[in-house]
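The structure under discussion appears below in the form of C-alpha cells.
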Amino acid sequence: MLAYTLFVLFAGGLQALAARVQVTWDVGYLNISRDGLSKWRAIGANGQLPIPPIYISQGDILELTAINHLDKPLSLHAHGLFQRNSTFYDGVGMATECGIPPGAQFTYIIETRDQCGTFWIHAHYGTEGIDGLRTALIIHDQDPQLLDEYDEDVLLTLEDWGHEPYDDHIKMLQTIAEVDMPPNHPTVLINGINANFSQPIRFSPGRRYRLRIVSMSFTYWFKVRLPGHTMQVIEADGISSRPSAVDGLDMCPGQRYSVIITAKESLEFNYALNVTFYNDFIVDIPGLTTLYHHVPIVYHDNAPVKTYPVIEDHEVKWADELAMEPRDKQMLLEPVDHHIVRSVKALPKDLGVPIYAFGNYSYAPVPVLPFHGHAFQVVESGPVHKNSSIPVKRFKGRQPMRRDTITLALGQYVKVRIQADNPGVWFQHCHQEQHNLSGLGFTLIEAPDVMQRTLPGGLQVLAARVKVTWDVGYLNISRDGSTTWRAIGANGQLPIPPVYVTQGDILELTAINHLDKPVSLHAHGLFQRNSAYYDGAGFTTECGIPPGSQFTYIIETRDQSGTYWVHSHYGTEGIDGLRTALVILDQDASLLDEYDEDVLLALEDWGQEPNDNLLERLKTLSLVGMPPNHPSVLINGINANILQPIRFTPGRRYRLRVISMSFTYWFKVRLPGHTMQVIEADGIYSQPSAADGLDLGPGQRYSVIITAQELLEFNYALNVTFYSNFIARMQGLTPRYHQVPIVYRDDAPIKTFPMIEDHEVKWVDELFMEPRDKQILLEPVDQHIVRNVKALTRELGIPSYAFGDYAYDPVPVPPLLTALTTGNMALSPS
C-alpha cells in the first residue's frame with residue numbers, strides 16, 4: 001500500500017485513491033404516468049423516473065456522463081454548485097455550451113472540495129428538466145461538529161408534474177389568451193410519487209432528524225410545516241447557517257433548506273407534515289392552483305394523528321434569509337465596487353401572453369432568481385414604490401446570510417451582493433419555466449481575461465468518453481457445466497460483456513476492488529503512449545489496486561483500432577475470469593466497405609478450480625504425477641459444447657474477429673468450404689491475405705473476412721481445436737475439438753469435408769503478411785538484445801522460467817517508479 005501511494009503521489013497528474021464518483025445517465029423518453037392521472041412521453045435516465053438521488057461526500061469528484069438518446073440537444077446543470085474555474089461544466093444550453101447533440105455524450109466534472117449541503121441536478125437546455133430530467137444531489141459534510149447535531153438524515157424532494165410535455169403546454173400558451181387557459185395545472189410529487197400516496201417518515205422519540213427539503217419545481221411554490229414541532233434551520237441552498245427556529249418554510253422553485261427536527265418523547269400521537277402547493281401569479285382555482293398534502297410522520301403504527309387548528313400564513317414564523325446568519329461568519333462584502341440594477345418587465349405579446357425582460361433586454365422573466373456560479377449575500381428587500389405598505393427589510397448584524405436562489409415578489413426589489421471571484425460566464429434567469437423560456441435572464445461575464453488564461457487546454461469536445469465501471473468481486477459459478485468454484489467477475493457477471501469503443505474515443509475503465517487481494521487491469525495490445533502508468537502490469541507499472549479501493553485507467557485510442565482484450569495483470573485474477581474483449585471500431589471508410597457484418601468470437605480456457613489452488617498443487621506434484629485436470633473451452637463465454645450458431649446470409653461478407661483470451665492453451669480455427677481473408681493481426685491491419693486457418697497462441701487476435709456462399713443448400717461447421725504442445729496428449733482432454741454451427745438455413749444439412757492433416761492447411765503466417773500502412777523495415781538497427789528462455793528446475797521437477805539469467809519475481813517498488821526517480825534504463829527485468 002505504501003509503494004502504491006508513493007507512486008500515485010510521484011506522478012503529479014495521476015489519480016489518488018480518493019473517491020471519484022462516476023454516474024452515467026442514459027437519457028431517453030419514457031411513456032409513463034407518474035401521478036396516476038395522465039400518461040405521456042416524459043424524459044428520464046437509465047429507463048427510470050424518478051431518477052435516484054446522487055449522494056457523495058465533500059471533497060469527492062462527481063463525473064456525471066449524459067448519453068443523449070433524445071431527438072434534441074441536452075445539457076445538465078448542477079444547481080447551486082459553483083463550478084469554480086470550470087464554467088464550461090455549468091451546463092447552460094446556448095450560454096456555456098451548445099448542448100449535447102442527439103446520439104452523443106458528455107461528461108460533467110463536478111468538484112466539491114469547497115461545497116457541501118443540499119443541491120439538485122436538472123436539464124438546462126430546453127424543457128427536459130420540467131419533463132422529468134431532475135434529481136437531488138446531496139454532498140455530505142465532513143464537519144464532525146455539524147454531524148453531531150443530528151442523528152438521521154432524511155430527504156424530501158418536492159416536484160410539480162404536468163399532464164403533457166411542456167413543449168406542448170408552451171404551444172398552447174402561445175395560441176390562447178391567459179384568461180381562456182384551461183385548468184391544466186400540475187400535480188405534486190413528493191419523493192418522486194403522487195403526493196396523495198406519500199410514504200410515511202418514521203420518527204423515534206427523542207431522535208434528531210435532519211430533513212433536507214428540495215424544491216425541484218419549475219412552476220410552483222411550496223410551503224412546508226410540521227405542526228407540533230419546531231424546525232431549526234441549519235442550511236439554505238448549500239450554505240450552512242447558525243440554527244434558527246422557525247415554524248415553516250416558504251420555498252420557490254430551486255430553493256433548498258435543511259432543518260433539524262427533534263422528535264417528541266412520547267409515542268401517543270402521529271403527526272402530519274403539511275405541504276402546500278401554490279402560485280401567487282395565477283388566478284386561484286379551488287382544488288387546482290392551491291393544493292394541500294400531508295406526509296405522515298409516524299411514531300407508532302396504531303397512534304392517532306394529532307390535529308391542530310388552522311392558522312393564517314401571517315401567524316406563521318417562516319424561514320427568512322434576512323433573519324439568518326451563515327455558520328462560517330462571512331462578513332458583509334464592502335465596499336461595493338459595482339452597482340448593477342435589473343428591472344423585470346412584462347412586454348405584451350399577441351393575445352395577452354407576455355414575454356419578459358431584464359431592463360431593456362428581452363431574454364427571460366424573474367419571479368425566481370437563481371444565481372449561477374455564486375451564492376449571494378441577501379442584504380435588503382422592499383417595495384419598488386415609496387408609497388407602498390410593504391415594509392423595507394434589512395439583514396441584521398454584520399454577517400448576512402447567503403444563498404443561490406431567491407423570490408422576487410411582484411412590486412418589490414431585492415438587493416444582493418456577490419464577490420467576483422469565479423471567472424466564467426454565469427447565466428442569471430428566472431427559474432419559473434414559462435418565464436425563463438419567454439426571455440427573462442441575463443449573462444454575467446466575470447473576469448474574461450482570467451478565464452482565457454485559466455481554461456484548461458484539455459477541455460473536452462463532444463467526442464465520446466466511454467466510461468465503464470467494473471465492480472470486481474468473487475462469484476461462485478459453473479461456466480462450463482462441470483464444476484462450480486469461486487471465480488472472479490465484474491458487476492456480478494461472467495462472462496464480462498465486451499467493451500466497444502470507436503477509434504478516437506477515450507475509454508475510462510474504473511476497477512473497484514472487492515477482492516481480498518490486489519488487482520490490476522491491462523488493455524492487451526494498447527500502446528498506452530506516454531502513459532505507461534496505465535498499462536496495468538502488477539509490480540511493474542503499479543503496485544495493484546488494494547482491496548476496498550478503486551482506480552480509473554485512461555485508455556486513449558486516437559492512433560489505434562482493431563481487436564484487443566482487457567484482463568487482470570496482477571496475479572491469477574485474469575485466468576480466474578477477469579477478462580473480456582475490447583473492440584476499437586475503425587473509422588476508415590475504405591476498410592468498412594470491405595465487409596457487411598462484424599462478428600466477435602472470443603475463445604477462452606476455463607479451469608476446474610481457482611488457479612491459485614492449481615499452482616499450490618503443482619508445487620507438490622511432479623508433472624508425471626499430475627491428475628488430468630485440464631481446462632474446458634469457452635466460446636463467447638459459454639461451454640463450447642452448447643454453442644450458439646453464427647448465421648450467414650448468402651453473398652454477405654463477414655468480418656470475424658477471433659480473440660484467444662487464453663492463458664494456457666492454443667487454438668486452431670478453420671471454416672472448411674470458405675476462404676479466410678486475413679486483414680488484421682493483433683490490432684495491426686494487413687493487406688488481405690488468403691488463409692485456410694488460424695493458429696492462435698494465448699493473447700493473439702485476428703480479423704478475417706469470410707464471404708458467405710451464394711447457396712442455401714448446406715450449413716457448415718467452424719472447427720475450433722484446443723491444444724497444447726507442451727503437455728502430453730490425453731485422449732479427449734488435451735487436444736479437444738469443437739464446432740461452431742454456421743447456419744445458412746435452419747433445416748439444411750451440415751456439409752462434411754474429408755479430414756486433412758495440419759501440414760496440408762495453409763495457416764496464417766505473419767512472416768508472409770504485409771501491414772496495410774506499408775511501414776518499411778526498421779533499419780539500421782541501433783541495439784541488439786538477446787534474451788534466451790530457460791527453464792530452471794525447482795523442487796519435484798516443477799520448472800520456473802527465466803529470460804537469460806533473470807528469473808522475474810515481484811519487486812517491492814515497481815520498475816516504472818525506479819526508472820522515473822533514478823533515470824536508470826532498467827533493462828533488467830527486476
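How things are named: the first chain in the C-alpha cells is A, the next is B, and so on; residues count from 1 in each chain; ligands count from 1 in the order shown.
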
Within 10 Å of segment 662-680 of chain A, which residues of segment 537-635 of chain A show up? Give each one with its shortest atom-to-atom distance in Å (one decimal) and the two atoms involved, counting only C-alpha atoms, rows by chain then rising residue number, as a Markdown table.
```
| residue | atom | partner | partner_atom | distance |
| --- | --- | --- | --- | --- |
| A:Gly562 | CA | A:Glu680 | CA | 7.4 |
| A:Thr563 | CA | A:Glu680 | CA | 8.2 |
| A:Thr572 | CA | A:Phe663 | CA | 9.8 |
| A:Gly574 | CA | A:Phe663 | CA | 8.2 |
| A:Ile575 | CA | A:Phe663 | CA | 6.1 |
| A:Asp576 | CA | A:Phe663 | CA | 9.8 |
| A:Arg579 | CA | A:Ser662 | CA | 9.5 |
| A:Leu591 | CA | A:Ile679 | CA | 9.3 |
| A:Glu594 | CA | A:Ile679 | CA | 9.8 |
| A:Ala602 | CA | A:Ser662 | CA | 9.4 |
| A:Leu603 | CA | A:Ser662 | CA | 6.9 |
| A:Glu604 | CA | A:Ser662 | CA | 4.8 |
| A:Asp605 | CA | A:Ser662 | CA | 5.3 |
| A:Trp606 | CA | A:Ser662 | CA | 8.4 |
| A:Gly607 | CA | A:Thr664 | CA | 9.9 |
| A:His630 | CA | A:Tyr665 | CA | 9.8 |
| A:Pro631 | CA | A:Tyr665 | CA | 8.7 |
| A:Val633 | CA | A:Ser662 | CA | 9.4 |
| A:Leu634 | CA | A:Ser662 | CA | 9.7 |
```

Practice problem: Using only C-alpha atoms, determine which residues lie at most 8 Å from Tyr308 of chain A, disregarding the query and same-chain residues fewer than 2 positions distant; provide the list as a PyMOL selection string. | Solution: chain A and resi 227+306+310

Go ahead and save the picked residues with N, CA and C atoms, as a compact mmCIF listing (two decimals), in the first residue's frame.
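Output below, filename out_32.txt:
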```txt
# COMPACT_ATOMS: atom_id res chain seq x y z
N PRO A 227 -46.72 20.97 12.23
CA PRO A 227 -47.31 21.45 13.48
C PRO A 227 -46.94 20.54 14.65
N LYS A 306 -52.41 13.63 15.43
CA LYS A 306 -52.81 14.79 16.23
C LYS A 306 -53.21 15.94 15.32
N VAL A 310 -56.40 25.39 12.26
CA VAL A 310 -55.85 26.05 11.08
C VAL A 310 -55.45 27.47 11.45
```

Exercise. For segment 91-106 of chain A, list every protein, DNA or RNA residue within 8 Å, evaluated using only C-alpha atoms, and leave out those in the same chain fewer than 4 positions away; present the list as a PyMOL selection string.
Key: chain A and resi 65-78+87+123-126+425-427+443+462-465

Write to file, as a tab-separated table (two decimals), in the first residue's frame, the residues of the selection just made, with N, CA and C atoms.
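The file below, selection-v9.tsv, is the result:
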```tsv
chain	number	residue	atom	x	y	z
A	65	THR	N	-21.88	11.52	-16.58
A	65	THR	CA	-21.90	11.37	-18.03
A	65	THR	C	-23.34	11.30	-18.51
A	66	ALA	N	-23.69	12.18	-19.43
A	66	ALA	CA	-25.01	12.16	-20.05
A	66	ALA	C	-24.89	11.64	-21.47
A	67	ILE	N	-25.64	10.57	-21.78
A	67	ILE	CA	-25.69	10.00	-23.12
A	67	ILE	C	-27.07	10.35	-23.69
A	68	ASN	N	-27.09	11.11	-24.74
A	68	ASN	CA	-28.34	11.69	-25.24
A	68	ASN	C	-29.03	10.79	-26.25
A	69	HIS	N	-30.12	10.16	-25.81
A	69	HIS	CA	-30.94	9.35	-26.70
A	69	HIS	C	-32.22	10.08	-27.12
A	70	LEU	N	-32.27	11.39	-26.89
A	70	LEU	CA	-33.42	12.19	-27.30
A	70	LEU	C	-33.28	12.57	-28.77
A	71	ASP	N	-34.28	13.28	-29.27
A	71	ASP	CA	-34.23	13.78	-30.64
A	71	ASP	C	-33.92	15.27	-30.67
A	72	LYS	N	-33.35	15.79	-29.58
A	72	LYS	CA	-33.00	17.20	-29.48
A	72	LYS	C	-31.79	17.33	-28.55
A	73	PRO	N	-31.12	18.48	-28.58
A	73	PRO	CA	-29.94	18.64	-27.71
A	73	PRO	C	-30.31	18.60	-26.24
A	74	LEU	N	-29.28	18.45	-25.42
A	74	LEU	CA	-29.45	18.24	-23.98
A	74	LEU	C	-28.27	18.86	-23.25
A	75	SER	N	-28.51	19.39	-22.06
A	75	SER	CA	-27.41	19.79	-21.17
A	75	SER	C	-27.86	19.55	-19.73
A	76	LEU	N	-26.91	19.45	-18.81
A	76	LEU	CA	-27.19	19.21	-17.39
A	76	LEU	C	-26.53	20.29	-16.55
A	77	HIS	N	-27.26	20.74	-15.54
A	77	HIS	CA	-26.78	21.78	-14.63
A	77	HIS	C	-26.87	21.29	-13.20
A	78	ALA	N	-25.78	21.42	-12.45
A	78	ALA	CA	-25.78	21.09	-11.03
A	78	ALA	C	-26.16	22.36	-10.27
A	87	THR	N	-16.45	27.00	-15.65
A	87	THR	CA	-17.76	27.46	-16.14
A	87	THR	C	-18.26	26.59	-17.28
A	123	ALA	N	-31.86	19.20	-16.21
A	123	ALA	CA	-31.53	19.62	-17.57
A	123	ALA	C	-31.66	21.13	-17.67
A	124	HIS	N	-30.83	21.74	-18.52
A	124	HIS	CA	-30.83	23.20	-18.63
A	124	HIS	C	-30.67	23.62	-20.09
A	125	TYR	N	-31.30	22.86	-20.98
A	125	TYR	CA	-31.26	23.26	-22.39
A	125	TYR	C	-32.62	23.78	-22.82
A	126	GLY	N	-33.63	22.94	-22.83
A	126	GLY	CA	-34.98	23.36	-23.19
A	126	GLY	C	-35.92	23.01	-22.06
A	425	VAL	N	-18.66	32.49	-17.40
A	425	VAL	CA	-19.90	33.03	-17.96
A	425	VAL	C	-21.03	32.42	-17.16
A	426	TRP	N	-21.76	33.26	-16.43
A	426	TRP	CA	-22.78	32.77	-15.50
A	426	TRP	C	-24.14	33.32	-15.89
A	427	PHE	N	-25.08	32.41	-16.07
A	427	PHE	CA	-26.43	32.77	-16.50
A	427	PHE	C	-27.29	33.04	-15.28
A	443	THR	N	-26.73	37.46	-18.67
A	443	THR	CA	-25.49	36.73	-18.54
A	443	THR	C	-24.44	37.61	-17.87
A	462	LEU	N	-17.11	17.22	-27.84
A	462	LEU	CA	-18.19	16.25	-27.73
A	462	LEU	C	-17.83	14.90	-28.35
A	463	ALA	N	-16.55	14.62	-28.44
A	463	ALA	CA	-16.14	13.26	-28.78
A	463	ALA	C	-16.45	12.36	-27.59
A	464	ALA	N	-16.59	11.07	-27.88
A	464	ALA	CA	-17.07	10.17	-26.85
A	464	ALA	C	-16.00	9.90	-25.81
A	465	ARG	N	-16.37	10.01	-24.56
A	465	ARG	CA	-15.58	9.49	-23.45
A	465	ARG	C	-16.39	8.33	-22.90
```

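Of note, atom CA of Ala748 of chain A and atom CA of Pro650 of chain A are spaced 13.5 Å apart.
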
Quiz item: Neighbours of Asp404 of chain A within 8 Å (only C-alpha atoms; same-chain residues fewer than 2 positions away dropped), as JSON, numbers by chain?
Solution: {"A": [80, 237, 255, 370, 371, 372, 374, 375, 376, 402, 406]}

Keeping only N, CA and C atoms, write the selected residues as a compact mmCIF listing (two decimals), in the first residue's frame.
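Once everything was written out, this is again08.txt:
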```
# COMPACT_ATOMS: atom_id res chain seq x y z
N GLY A 80 -26.67 25.10 -7.89
CA GLY A 80 -26.05 25.53 -6.64
C GLY A 80 -24.57 25.27 -6.56
N ASP A 237 -29.83 26.52 0.66
CA ASP A 237 -29.17 26.46 -0.65
C ASP A 237 -27.68 26.11 -0.55
N GLN A 255 -35.17 26.31 -4.60
CA GLN A 255 -34.60 26.51 -3.26
C GLN A 255 -34.50 25.20 -2.49
N PRO A 370 -32.29 32.37 -9.59
CA PRO A 370 -31.13 31.57 -9.21
C PRO A 370 -29.87 32.21 -9.80
N PHE A 371 -28.81 32.19 -9.04
CA PHE A 371 -27.56 32.85 -9.45
C PHE A 371 -26.52 31.77 -9.68
N HIS A 372 -26.12 31.56 -10.93
CA HIS A 372 -25.14 30.54 -11.25
C HIS A 372 -23.74 30.99 -10.84
N HIS A 374 -22.30 31.31 -8.02
CA HIS A 374 -22.13 32.07 -6.79
C HIS A 374 -23.26 31.79 -5.81
N ALA A 375 -22.98 32.03 -4.54
CA ALA A 375 -24.02 32.26 -3.54
C ALA A 375 -23.91 33.74 -3.19
N PHE A 376 -25.05 34.42 -3.13
CA PHE A 376 -25.05 35.87 -2.90
C PHE A 376 -25.47 36.18 -1.47
N ARG A 402 -26.18 33.91 3.04
CA ARG A 402 -26.01 33.72 1.60
C ARG A 402 -26.90 32.58 1.12
N ILE A 406 -33.59 33.00 -4.94
CA ILE A 406 -34.45 33.85 -4.12
C ILE A 406 -35.68 34.26 -4.92
```

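From atom CA of Lys467 of chain A back to atom CA of Gly492 of chain A, the distance works out to 17.8 Å.
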
Quiz item: Near Ser38 of chain A, within 12 Å and counting only C-alpha atoms, which residues show up once chain neighbours fewer than 6 positions away are dropped, as a list of chain:residue names?
Solution: A:Asn31, A:Ile32, A:Trp161, A:Gly162, A:His163, A:Glu164, A:Pro165, A:Asn184, A:Pro186, A:Thr187, A:Asn194

Exercise. As a PyMOL selection string, list the residues of segment 679-733 of chain A assigned to strand (DSSP E) by DSSP on the backbone atoms of this structure.
Key: chain A and resi 679-681+684-691+693-696+701-707+716-723

Self-check item: Which of segment 429-634 of chain A fall in helix (DSSP H, G or I), as an MDAnalysis selection string
Solution: chainID A and resid 433:438 448:454 532:534 589:592 611:618 623:625

Quiz item: Within 6 Å of Thr510 of chain A, counting only C-alpha atoms, which residues qualify if same-chain residues fewer than 2 places away don't, as a PyMOL selection string?
Solution: chain A and resi 469+551-552

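Minimum atom-to-atom distances from A:Ser241, A:Asn279, A:Gln709, A:Thr24 to Asn46 of chain A were compared using only C-alpha atoms, and the lowest value belongs to A:Thr24.
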
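Using only C-alpha atoms, the shortest contact distance between Glu380 of chain A and any of A:Val416, A:Met401, A:Leu614, A:Met216 is found at A:Val416.
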
Exercise. Would you mind listing what lies within 10 Å of Arg529 of chain A as a PyMOL selection string, with only C-alpha atoms counted and same-chain residues fewer than 2 positions away left out?
Key: chain A and resi 526-527+531-532+534-535+555-557+559

With N, CA, C and O atoms retained, export the selected residues as a PDB file, in the first residue's frame.
```pdb
ATOM      1  N   LEU A 526      -2.852  -2.410 -26.362  1.00  0.00           N
ATOM      2  CA  LEU A 526      -2.914  -0.951 -26.413  1.00  0.00           C
ATOM      3  C   LEU A 526      -1.547  -0.374 -26.048  1.00  0.00           C
ATOM      4  O   LEU A 526      -0.918  -0.806 -25.079  1.00  0.00           O
ATOM      5  N   PHE A 527      -1.101   0.618 -26.804  1.00  0.00           N
ATOM      6  CA  PHE A 527       0.252   1.134 -26.624  1.00  0.00           C
ATOM      7  C   PHE A 527       0.402   1.964 -25.348  1.00  0.00           C
ATOM      8  O   PHE A 527       1.498   2.079 -24.809  1.00  0.00           O
ATOM      9  N   SER A 531       1.802   7.029 -21.395  1.00  0.00           N
ATOM     10  CA  SER A 531       1.043   6.765 -20.167  1.00  0.00           C
ATOM     11  C   SER A 531       1.290   5.338 -19.703  1.00  0.00           C
ATOM     12  O   SER A 531       0.357   4.568 -19.516  1.00  0.00           O
ATOM     13  N   ALA A 532       2.554   5.001 -19.514  1.00  0.00           N
ATOM     14  CA  ALA A 532       2.916   3.656 -19.049  1.00  0.00           C
ATOM     15  C   ALA A 532       2.254   3.318 -17.726  1.00  0.00           C
ATOM     16  O   ALA A 532       1.986   2.146 -17.426  1.00  0.00           O
ATOM     17  N   TYR A 534      -0.675   3.570 -16.907  1.00  0.00           N
ATOM     18  CA  TYR A 534      -1.995   2.962 -17.093  1.00  0.00           C
ATOM     19  C   TYR A 534      -1.901   1.569 -17.727  1.00  0.00           C
ATOM     20  O   TYR A 534      -2.928   0.998 -18.108  1.00  0.00           O
ATOM     21  N   ASP A 535      -0.695   1.028 -17.854  1.00  0.00           N
ATOM     22  CA  ASP A 535      -0.548  -0.244 -18.538  1.00  0.00           C
ATOM     23  C   ASP A 535      -1.010  -1.419 -17.676  1.00  0.00           C
ATOM     24  O   ASP A 535      -1.270  -2.502 -18.185  1.00  0.00           O
ATOM     25  N   ILE A 555      -7.619   5.094 -21.230  1.00  0.00           N
ATOM     26  CA  ILE A 555      -7.111   4.395 -22.409  1.00  0.00           C
ATOM     27  C   ILE A 555      -7.489   5.217 -23.641  1.00  0.00           C
ATOM     28  O   ILE A 555      -8.663   5.294 -24.003  1.00  0.00           O
ATOM     29  N   GLU A 556      -6.503   5.853 -24.249  1.00  0.00           N
ATOM     30  CA  GLU A 556      -6.742   6.673 -25.428  1.00  0.00           C
ATOM     31  C   GLU A 556      -6.545   5.829 -26.690  1.00  0.00           C
ATOM     32  O   GLU A 556      -5.652   4.979 -26.746  1.00  0.00           O
ATOM     33  N   THR A 557      -7.378   6.103 -27.690  1.00  0.00           N
ATOM     34  CA  THR A 557      -7.396   5.242 -28.877  1.00  0.00           C
ATOM     35  C   THR A 557      -7.199   6.023 -30.176  1.00  0.00           C
ATOM     36  O   THR A 557      -7.548   5.527 -31.241  1.00  0.00           O
ATOM     37  N   ASP A 559      -4.671   6.618 -31.992  1.00  0.00           N
ATOM     38  CA  ASP A 559      -3.789   6.055 -33.006  1.00  0.00           C
ATOM     39  C   ASP A 559      -3.895   4.532 -33.100  1.00  0.00           C
ATOM     40  O   ASP A 559      -3.012   3.876 -33.651  1.00  0.00           O
TER      41      ASP A 559
END
```

Practice problem: Please indicate the distance in Å from atom CA of Glu446 of chain A to atom CA of Asn422 of chain A, rounded to one decimal place. | Solution: 7.0 Å

Quiz item: Closest to Asn513 of chain A among A:Gly489, A:Pro610, A:Gly254, A:Gly548, using only C-alpha atoms?
Solution: A:Gly548
